[in-house]
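S.K.: One structure, pasted below without further comment.
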Amino acid sequence: MRNVSVASRLALVVVLVALVSVVVTSIVGLDRGRRLAGDEIDKQLTAVGASRADEVERYVAGLERAVGGQALTPRPAVAIEAFSARFRELADGTATSRNEALVDEYYRDVVAPELSEARGRPVNPAGLIPISAAGVTLQAQYVVPVADGGPARPGDADWSALHDSLDDSFREFALQAGFEDFYLIEPIAHVVVYSTAKDIDFATSLRGGPHSGSQLASLTYELADDPAPGDVAIRDFAAYAPAGDRPSAFIGAPVFADGDLAGFVVGRFSPERLTAIMTNDRQWGGLGDSGETYVVASDTRMRSDSRLFIDDRSAFFDDVESAGTADANEIRSMQVLGTTVLLQPIDYRQVDAVFAGETGVGEVTNYLGREVISTKRLLDIDGLEWAVFAEAETAEIEAPIDTFNRNLLVAIAVFIVVVTFIAVWWADRLLEPLRIISTRLRAIRGGADTQRTELPARSAVEFAELSEDIDKMIETLQRRTDAARSRADERLQVMRRLLPASIAERAEAGDRDVVDQIATATVAVVVIGGLGTLVTDGSPDRARELLDRFVEEADDLAAERGLDRVQLTGDAYVAACGVSRPHLDHTARAAAFVLEVREALR
């Protein structure tokens with residue numbers, strides 16, 4: 001730092017102060033901004049999750065009201081009784097060989113292969129075919145599709161007449177309510193006597209038929225256990241064979257006629273509507289490019305589809321496979337069935353935490369192996385243990401903050417560069433008077449003659465005062481120097497009067513060792529008698545004039561004879577020959593000098 005100029009140091013201090021101020025302010029601002037952004041994200045995620053959860057609750061409540069309201073109308077009871085009576089009549093008969101062949105062929109060529117592909121293992125069609133003659137007859141009429149362009153398949157006329165009179169109204173109800181299928185089920189053997197979709201569960205018994213172990217069968221058992229008007233029960237999603245093993249959930253209610261149990265009405269719904277709610281009809285609603293909400297049940301499996309699965313299935317499967325959150329069988333099933341419902345697991349620790357009552361927002365690793373900000377909320381639906389997860393990727397959330405950080409760093413860099421140039425320019429202008437003063441001082445030190453220092457008009461008052469003080473100091477020093485030089489000249493003149501010229505010159509040059517030893521020389525001493533009386537009795541000026549005249553003449557005579565005046569003290573004049581330059585006849589010269597001085601003195 002000793003070699004760094006004051007201007008550079010001053011500029012550096014300004015830059016450092018600006019840099020520290022900007023850095024401290026930026027750090028505080030970034031921290032506060034990050035906190036505010038985090039709080040805002042937390043609030044947004046919580047709000048979106050709560051909104052979706054409320055919508056799911058309203059959706060399920062609407063399904064329950066639709067089924068419950070349908071059960072309280074007289075039409076289902078009348079229809080169940082009429083369908084049940086005809087079903088018993090058909091069950092007492094025998095199915096035709098043609099109908100049996102149609103059903104066997106359909107199950108063998110269509111149903112079993114579809115289920116085999118969905119399950120990844122062979123499925124025996126014999127275990128799915130209805131065991132009653134009525135079931136075979138009705139499925140041959142309604143379930144087995146007619147070949148394209150072929151004639152309509154004849155069936156039971158009485159059943160057709162009854163079915164055609166009710167089918168349109170029930171279909172309209174199912175469509176309005178959002179059910180994929182709507183069932184009328186008789187109360188004794190729990191036979192599905194009516195179905196809007198006419199899948200392979202139609203005309204089968206849920207107590208002893210091929211679907212007796214399904215969620216639909218479980219629901220009817222619950223409804224039959226101490227039923228009461230207005231009761232509504234729900235069953236969670238599960239793989240359902242009549243739907244091709246795709247996830248299906250059921251809502252049902254008991255139907256009464258004259259106070260007696262007449263049967264059950266049940267609606268089957270798929271997770272598509274839940275997925276639409278969770279994805280805001282694939283608009284995602286303020287969740288960015290990666291955020292999502294989805295429904296998870298207590299079994300840790302999804303109840304709505306993953307966003308990435310919908311947007312980019314290839315990327316989804318790559319992520320879950322690399323994250324290890326789904327095994328090969330689950331991935332294969334998702335690919336075949338086209339859904340993540342019941343198949344994609346969620347970290348059990350996160351699921352257990354929400355069902356244990358844990359709330360709030362936290363950072364976790366999701367099922368795709370990505371760091372996310374996640375919030376969870378339990379759903380208040382009787383019979384279902386569901387929760388809504390709302391997530392947004394941490395990287396996406398922090399991307400604007402990172403961009404802001406980068407922009408801020410660039411701005412700080414530009415700011416520091418600008419401040420540096422300004423500081424250097426300002427320090428240069430500020431210290432310009434000091435450089436002028438310094439230049440003058442160096443010139444004075446070098447012996448250059450300089451004029452009075454002229455500073456710029458903008459100079460600080462301190463520099464102006466310093467320049468004025470320096471000028472005054474220089475003037476004072478000049479006066480003292482002149483006085484000292486004058487005194488030195490006077491002293492030199494005295495020395496030259498009192499000492500030999502060579503000795504005076506040596507003393508003037510600073511040589512204080514003026515004692516020399518001369519081998520051969522002659523000293524002449526001339527004493528002026530009566531000088532004291534002349535000084536005391538006569539005029540001092542006259543005495544001095546005479547003395548000066550004597551010394552001058554004596555010096556001239558000494559020079560002629562080759563002597564050097566050595567000393568002049570009091571009334572004695574001392575000269576030497578052979579001191580400054582050697583003379584072989586120094587004694588003769590000295591003697592001649594003395595005689596000549598005596599004559600001059602006389």
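In the structure tokens, chains take letters A, B, ... by order of appearance, with residues numbered from 1 within each chain and ligands from 1 in the order shown.
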Where in region 281-342 of chain A does DSSP assign strand (DSSP E or B), given as a ChimeraX atom specification?
M.R.: /A:292-297,301-302
S.K.: At most 8 Å is the cut-off: for each residue in region 111-196 of chain A with any atom that close to an atom of region 229-250 of chain A, write down the nearest atom pair and the distance in Å rounded to one decimal, counting only C-alpha atoms, chain first then increasing number, as a Markdown table.
M.R.:
```
| residue | atom | partner | partner_atom | distance |
| --- | --- | --- | --- | --- |
| A:Val111 | CA | A:Gly244 | CA | 7.9 |
| A:Glu114 | CA | A:Gly244 | CA | 6.6 |
| A:Leu115 | CA | A:Gly244 | CA | 5.9 |
| A:Ala118 | CA | A:Asp245 | CA | 6.7 |
| A:Arg119 | CA | A:Asp245 | CA | 7.8 |
```
S.K.: Which polymer residues have any atom within 12 Å of an atom of Trp425 (chain A), counting only C-alpha atoms, with same-chain residues fewer than 2 positions away left out, as a short mmCIF file (atom, residue, chain, number, x, y, z; two decimals) with N, CA, C and O atoms, in the first residue's frame?
M.R.:
```cif
data_model
loop_
_atom_site.label_atom_id
_atom_site.label_comp_id
_atom_site.auth_asym_id
_atom_site.auth_seq_id
_atom_site.Cartn_x
_atom_site.Cartn_y
_atom_site.Cartn_z
N ALA A 7 -5.05 9.15 -4.07
CA ALA A 7 -6.26 9.14 -4.90
C ALA A 7 -6.76 7.71 -5.09
O ALA A 7 -7.97 7.45 -5.01
N SER A 8 -5.83 6.78 -5.33
CA SER A 8 -6.24 5.38 -5.50
C SER A 8 -6.82 4.83 -4.21
O SER A 8 -7.83 4.11 -4.21
N LEU A 10 -8.25 6.56 -1.82
CA LEU A 10 -9.55 7.20 -1.60
C LEU A 10 -10.61 6.57 -2.48
O LEU A 10 -11.73 6.28 -2.03
N ALA A 11 -10.28 6.35 -3.76
CA ALA A 11 -11.23 5.71 -4.67
C ALA A 11 -11.56 4.30 -4.20
O ALA A 11 -12.71 3.86 -4.25
N LEU A 12 -10.52 3.59 -3.73
CA LEU A 12 -10.74 2.22 -3.25
C LEU A 12 -11.66 2.21 -2.04
O LEU A 12 -12.54 1.35 -1.92
N VAL A 14 -13.98 4.41 -1.34
CA VAL A 14 -15.34 4.70 -1.82
C VAL A 14 -15.96 3.45 -2.44
O VAL A 14 -17.12 3.11 -2.17
N VAL A 418 -19.32 1.30 -12.43
CA VAL A 418 -19.67 2.71 -12.57
C VAL A 418 -19.15 3.50 -11.37
O VAL A 418 -18.55 4.58 -11.52
N VAL A 419 -19.38 2.94 -10.16
CA VAL A 419 -18.90 3.62 -8.95
C VAL A 419 -17.38 3.75 -8.97
O VAL A 419 -16.82 4.78 -8.55
N THR A 420 -16.69 2.72 -9.47
CA THR A 420 -15.23 2.76 -9.54
C THR A 420 -14.76 3.91 -10.43
O THR A 420 -13.88 4.70 -10.05
N PHE A 421 -15.36 4.01 -11.63
CA PHE A 421 -14.98 5.10 -12.52
C PHE A 421 -15.30 6.45 -11.90
O PHE A 421 -14.49 7.38 -11.96
N ILE A 422 -16.47 6.56 -11.30
CA ILE A 422 -16.85 7.83 -10.68
C ILE A 422 -15.92 8.15 -9.52
O ILE A 422 -15.48 9.29 -9.35
N ALA A 423 -15.60 7.13 -8.71
CA ALA A 423 -14.74 7.34 -7.55
C ALA A 423 -13.34 7.76 -7.99
O ALA A 423 -12.74 8.67 -7.39
N ALA A 427 -11.89 11.26 -7.02
CA ALA A 427 -10.67 11.33 -6.23
C ALA A 427 -9.58 12.10 -6.98
O ALA A 427 -8.82 12.87 -6.38
N ASP A 428 -9.53 11.89 -8.29
CA ASP A 428 -8.53 12.61 -9.09
C ASP A 428 -8.77 14.11 -9.04
O ASP A 428 -7.84 14.90 -8.86
N ARG A 429 -10.02 14.51 -9.22
CA ARG A 429 -10.35 15.93 -9.16
C ARG A 429 -10.18 16.48 -7.75
O ARG A 429 -9.72 17.61 -7.56
N LEU A 430 -10.55 15.69 -6.76
CA LEU A 430 -10.43 16.15 -5.39
C LEU A 430 -8.98 16.40 -5.00
O LEU A 430 -8.66 17.38 -4.31
N LEU A 431 -8.08 15.51 -5.44
CA LEU A 431 -6.68 15.61 -5.04
C LEU A 431 -5.81 16.33 -6.06
O LEU A 431 -4.58 16.37 -5.90
N GLU A 432 -6.42 16.91 -7.08
CA GLU A 432 -5.64 17.67 -8.06
C GLU A 432 -4.88 18.82 -7.40
O GLU A 432 -3.69 19.04 -7.71
#
```
S.K.: In Å to one decimal, how far is CA of Gly383 (chain A) from CA of Leu368 (chain A)?
M.R.: 29.1 Å
S.K.: As a PyMOL selection string, please: all residues of region 42-253 of chain A that backbone DSSP puts in alpha helix (DSSP H).
M.R.: chain A and resi 42-71+74-92+97-106+112-119+133-142+157-177+215-224
S.K.: May I ask which of the residues A:Tyr194, A:Phe415, A:Val144, A:Val78 is the closest one to Asp258 (chain A), counting only C-alpha atoms?
M.R.: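 With only C-alpha atoms as the atom set, the closest residue is A:Val78.
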S.K.: Just how far from CA of Pro145 (chain A) is CA of Leu166 (chain A), in Å to one decimal?
M.R.: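 Between CA of Leu166 (chain A) and CA of Pro145 (chain A) the gap works out to 20.8 Å.
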S.K.: Looking at A:Pro400, A:Pro540, A:Gly178, A:Gly288, which one is nearest to Ala66 (chain A), with distances taken over only C-alpha atoms?
M.R.: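 Looking at the shortest contact to Ala66 (chain A), the residue is A:Gly178.
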